[in-house]
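This report concerns only the one structure given below.
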Amino acid sequence: MRAEDLILVSVDDHLVEPPTLFDAHIPERYREQAPRIRRNRDGSDVWVFNDAVIPNIGLNAVAGRPKEEYGIEPTAFDEIRPGCWDIHERIKDMDAGGLLGSMCFPSFPGFSGRLFAAADDKDLALAVVRAYNDWHVDEWCGSYPGRFIPMGLPVLWDPQLAADEVRRLAAKGVRSVTFTENPATLGFPSFHSEHWDPLWEALSDEGVVLSIHLGSSGQLAVTAPDAPIDVMITLQPMNICQAAADLLWSRVIKRFPGIRIALSEGGTGWIPYFLDRLDRTYEMHHLWTGQDFGDQLPSEVFREHFLTCFIADPVGLKLRHDIGVDNIAWECDYPHSDSSWPEAPEELAAVADAAGVTDDELHKIGHGNAMRWYGFDPFAHRPRERCTVGALRAEAGDHDVSIRAYDKGRFTDKKQGIALGELAGKATA
């Protein structure tokens with residue numbers, strides 16, 4: 001299939017929250033305490049909330065920038081591409097990149113909203129979570145119906161309030177809620193506890209997918225404080241691998257068979273070995289560990305409950321049948337540093353062609369599985385023939401997608417790379 005004939009729905013993109021996010025949605029009594037933007041003397045923009053200062057990390061918003069400008073230095077809104085935070089510019093970037101649909105994870109609250117959960121005043125925290133969710137659904141996604149898969153932040157500190165928020169969001173059409181890879185690392189009960197049962201029940205009842213993003217546990221893969229950042233970037237999928245094992249062997253799937261889980265930005269190349277290891281572990285050990293999946297193998301249970309997601313992953317596409325073609329969804333990862341926007345369709349078409357992926361399989365991987373898992377129907381808003389990469393790019397016209405420098409000179413003398421010990425102290429996901 002030619003790149004221009006693809007229809008692409010990304011199950012993992014990101015947004016940089018605009019300064020006006022809370023203006024219309026936070027209750028008046030919390031307005032002075034709501035998160036706000038502050039401009040630092042060095043020219044960077046940071047979010048301030050509950051005595052925490054959260055920078056806009058440059059590496060999270062590098063779309064359209066030359067690779068030599070990548071880095072973790074705090075940045076400002078006028079130093080990043082407007083499509084990172086302006087919904088109207090985002091749509092232009094999506095059109096120019098051939099992207100029909102997108103699900104956008106948060107930035108400054110952390111991928112699972114752990115910044116808000118850390119607030120001592122839980123009434124304030126709840127108001128902020130709900131305000132964020134309403135902004136995301138009503139303004140970010142609602143501005144362009146049929147272009148976004150809405151996703152909510154969870155109420156991490158109270159499982160019943162979390163369940164209530166899932167049901168509230170489901171009534172607004174939301175079919176995805178983000179969550180942490182490992183609640184235990186954030187100081188909450190683990191996946192193996194009954195603590196979260198109200199949340200699992202609500203997700204199952206409402207058909208809402210638990211979208212667990214890589215890095216959402218608040219922990220990085222730090223092998224040594226002086227190891228280069230390349231080590232962490234290479235090992236990032238290991239956190240999501242741990243989450244998959246935790247959930248697969250937990251009581252959650254057995255107790256709540258309707259639950260569905262997406263391993264967002266986790267990649268797919270490791271999945272075939274992981275499935276083999278699950279089945280081998282079950283065969284050799286279940287009689288004494290007490291695991292019981294009835295007449296199913298763990299790999300079969302995995303395929304019923306888990307969606308795997310990838311950006312390029314040539315190996316994963318070659319082994320797609322070992323994973324399950326119905327369990328694979330594509331992602332663009334705009335505006336993060338792993339994204340190949342605006343040439344993502346060409347990249348996907350090339351790796352799919354090299355792996356011998358058929359047109360029918362590519363339809364599933366490129367958009368069909370995302371639509372099915374998340375109850376997303378963009379064709380209800382525009383004819384299918386206007387949804388292809390080629391059609392969207394034609395609509396974009398001469399929208400500028402050229403690579404250009406955004407650095408205004410603040411980081412001209414920055415050092416190359418960074419050690420993991422230094423990065424761990426600045427991590428915000």
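Residue numbering restarts at 1 in every chain; chains get A, B, ... in the order shown in the structure tokens, and ligands count up from 1 in that same order.
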Pick out the residues sitting within 6 Å of stretch 240-251 of chain A, and hand them over as a PDB file with N, CA and C atoms, in the first residue's frame; count only C-alpha atoms, and ignore anything fewer than 6 positions along from it in its own chain.
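Contents of the output file around-v8.pdb:
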```pdb
ATOM      1  N   GLU A 181       1.979   2.693  35.305  1.00  0.00           N
ATOM      2  CA  GLU A 181       2.540   1.356  35.096  1.00  0.00           C
ATOM      3  C   GLU A 181       2.602   0.566  36.398  1.00  0.00           C
ATOM      4  N   HIS A 192      -2.130  -6.020  42.660  1.00  0.00           N
ATOM      5  CA  HIS A 192      -2.534  -7.302  43.255  1.00  0.00           C
ATOM      6  C   HIS A 192      -3.472  -7.126  44.444  1.00  0.00           C
ATOM      7  N   LEU A 214       4.095   4.137  28.833  1.00  0.00           N
ATOM      8  CA  LEU A 214       5.485   3.940  29.212  1.00  0.00           C
ATOM      9  C   LEU A 214       5.985   5.136  30.024  1.00  0.00           C
ATOM     10  N   GLY A 266       4.688   1.186  24.255  1.00  0.00           N
ATOM     11  CA  GLY A 266       5.514   0.105  24.779  1.00  0.00           C
ATOM     12  C   GLY A 266       6.277  -0.670  23.729  1.00  0.00           C
TER      13      GLY A 266
END
```
(request) as a PyMOL selection string, list the residues of stretch 153-182 of chain A assigned to strand (DSSP E) by DSSP on the backbone atoms of this structure. (result) chain A and resi 176-179
Any chance you could export the current selection's N, CA, C and O atoms as a PDB file, in the first residue's frame?
```
ATOM      1  N   SER A 176     -11.271   5.969  27.129  1.00  0.00           N
ATOM      2  CA  SER A 176      -9.892   5.717  27.532  1.00  0.00           C
ATOM      3  C   SER A 176      -9.564   6.535  28.770  1.00  0.00           C
ATOM      4  O   SER A 176      -9.898   7.716  28.849  1.00  0.00           O
ATOM      5  N   VAL A 177      -8.932   5.891  29.737  1.00  0.00           N
ATOM      6  CA  VAL A 177      -8.415   6.572  30.922  1.00  0.00           C
ATOM      7  C   VAL A 177      -6.974   6.127  31.107  1.00  0.00           C
ATOM      8  O   VAL A 177      -6.670   4.942  31.040  1.00  0.00           O
ATOM      9  N   THR A 178      -6.094   7.090  31.315  1.00  0.00           N
ATOM     10  CA  THR A 178      -4.692   6.751  31.514  1.00  0.00           C
ATOM     11  C   THR A 178      -4.467   6.297  32.957  1.00  0.00           C
ATOM     12  O   THR A 178      -5.251   6.596  33.856  1.00  0.00           O
ATOM     13  N   PHE A 179      -3.374   5.541  33.153  1.00  0.00           N
ATOM     14  CA  PHE A 179      -3.068   5.028  34.492  1.00  0.00           C
ATOM     15  C   PHE A 179      -1.569   4.774  34.584  1.00  0.00           C
ATOM     16  O   PHE A 179      -0.852   4.812  33.580  1.00  0.00           O
TER      17      PHE A 179
END
```
For A:Gly58, please output as a PyMOL selection string all residues within 10 Å (counting only C-alpha atoms; exclusion window: fewer than 2 positions along the same chain). chain A and resi 55-56+60-62+69-76+79-80+336-337
So that I can check the secondary structure, give me every residue of stretch 93-145 of chain A assigned helix (DSSP H, G or I) by backbone DSSP, as a VMD selection string.
chain A and resid 93 to 96 114 to 117 122 to 141
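The shortest atom-to-atom distance to A:Val48, with only C-alpha atoms taken into account, belongs to A:Leu115 out of A:Val11, A:Leu115, A:Met371, A:Leu220.
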Judged by only C-alpha atoms, the minimum distance to A:Tyr374 among A:Val325, A:Val9, A:Ile54, A:Ala127 is found for A:Val9
Please produce, as CSV, a per-residue contact table for stretch 50-88 of chain A versus stretch 139-150 of chain A (criterion: any atom at most 12 Å away, only C-alpha atoms considered), showing the nearest atom pair and its distance in Å to one decimal, sorted by chain then residue number.
```
residue,atom,partner,partner_atom,distance
A:Gly83,CA,A:Trp140,CA,11.9
A:Cys84,CA,A:Trp140,CA,11.7
A:Trp85,CA,A:Trp140,CA,9.5
A:Asp86,CA,A:Trp140,CA,8.8
A:Ile87,CA,A:Trp140,CA,6.1
A:His88,CA,A:Ser143,CA,8.3
```
What would the file look like if the residues just selected were written as a short mmCIF file (atom, residue, chain, number, x, y, z; two decimals), in the first residue's frame with C-alpha atoms?
```
data_model
loop_
_atom_site.label_atom_id
_atom_site.label_comp_id
_atom_site.auth_asym_id
_atom_site.auth_seq_id
_atom_site.Cartn_x
_atom_site.Cartn_y
_atom_site.Cartn_z
CA GLY A 83 0.95 22.52 17.15
CA CYS A 84 2.25 21.15 20.44
CA TRP A 85 -0.19 23.28 22.45
CA ASP A 86 -2.58 25.11 20.09
CA ILE A 87 -5.44 22.87 18.97
CA HIS A 88 -5.98 24.68 15.67
#
```
Exercise for review: Excluding A:Asp197 and any residue of its chain fewer than 3 positions from it, enumerate the residues within 9 Å of it, using only C-alpha atoms, and give them as a PyMOL selection string.
Suggested key: chain A and resi 159-160+163+193-194+200-202+252+255-256
**Request:** Can you work out which one of A:Pro183, A:Pro228, A:Pro66, A:Pro18 has the shortest atom-to-atom distance to A:Ile403, counting only C-alpha atoms?
**Result:**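 Comparing A:Pro183, A:Pro228, A:Pro66, A:Pro18 against A:Ile403, the winner is A:Pro66.
If you measure from each of A:Met103, A:Leu235, A:Ile328, A:Val389 to A:Val222 using only C-alpha atoms, the closest one turns out to be A:Leu235.
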Requested in this report: Would you list the contacts of A:Arg320 as number ranges by chain, taking every protein, DNA or RNA residue within 12 Å and counting only C-alpha atoms, but skipping same-chain residues closer than 2 positions in sequence?
Outcome: A: 267-272, 308-310, 313-318, 322-329, 352, 355-358, 361-362, 364-365
query = Counting only C-alpha atoms, what is within 9 Å of stretch 283-295 of chain A, bar same-chain residues fewer than 5 positions away, as a VMD selection string?
reply = chain A and resid 249 254 278 301
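Among the candidates A:Glu206, A:Asp78, A:Asp120, A:Asp95, the residue lying nearest to A:Glu165 is A:Glu206 (atoms considered: only C-alpha atoms).
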| message | Report, in Å to a single decimal, how far apart atom CA of A:Ile91 and atom CA of A:Leu153 are. | response |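 Atom-to-atom, atom CA of A:Leu153 to atom CA of A:Ile91, that is 22.3 Å.
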Write out as an MDAnalysis selection string the residues lying within 10 Å of A:Arg404, counting only C-alpha atoms and excluding same-chain residues fewer than 3 positions away.
chainID A and resid 63:66 69 81 401 407
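Interatomic distance, atom CA of A:Ala119 against atom CA of A:Phe49: 8.6 Å.
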Between A:Leu297, A:Ala350, A:Ala221, A:Leu8, smallest distance to A:Met94 by only C-alpha atoms belongs to A:Leu8
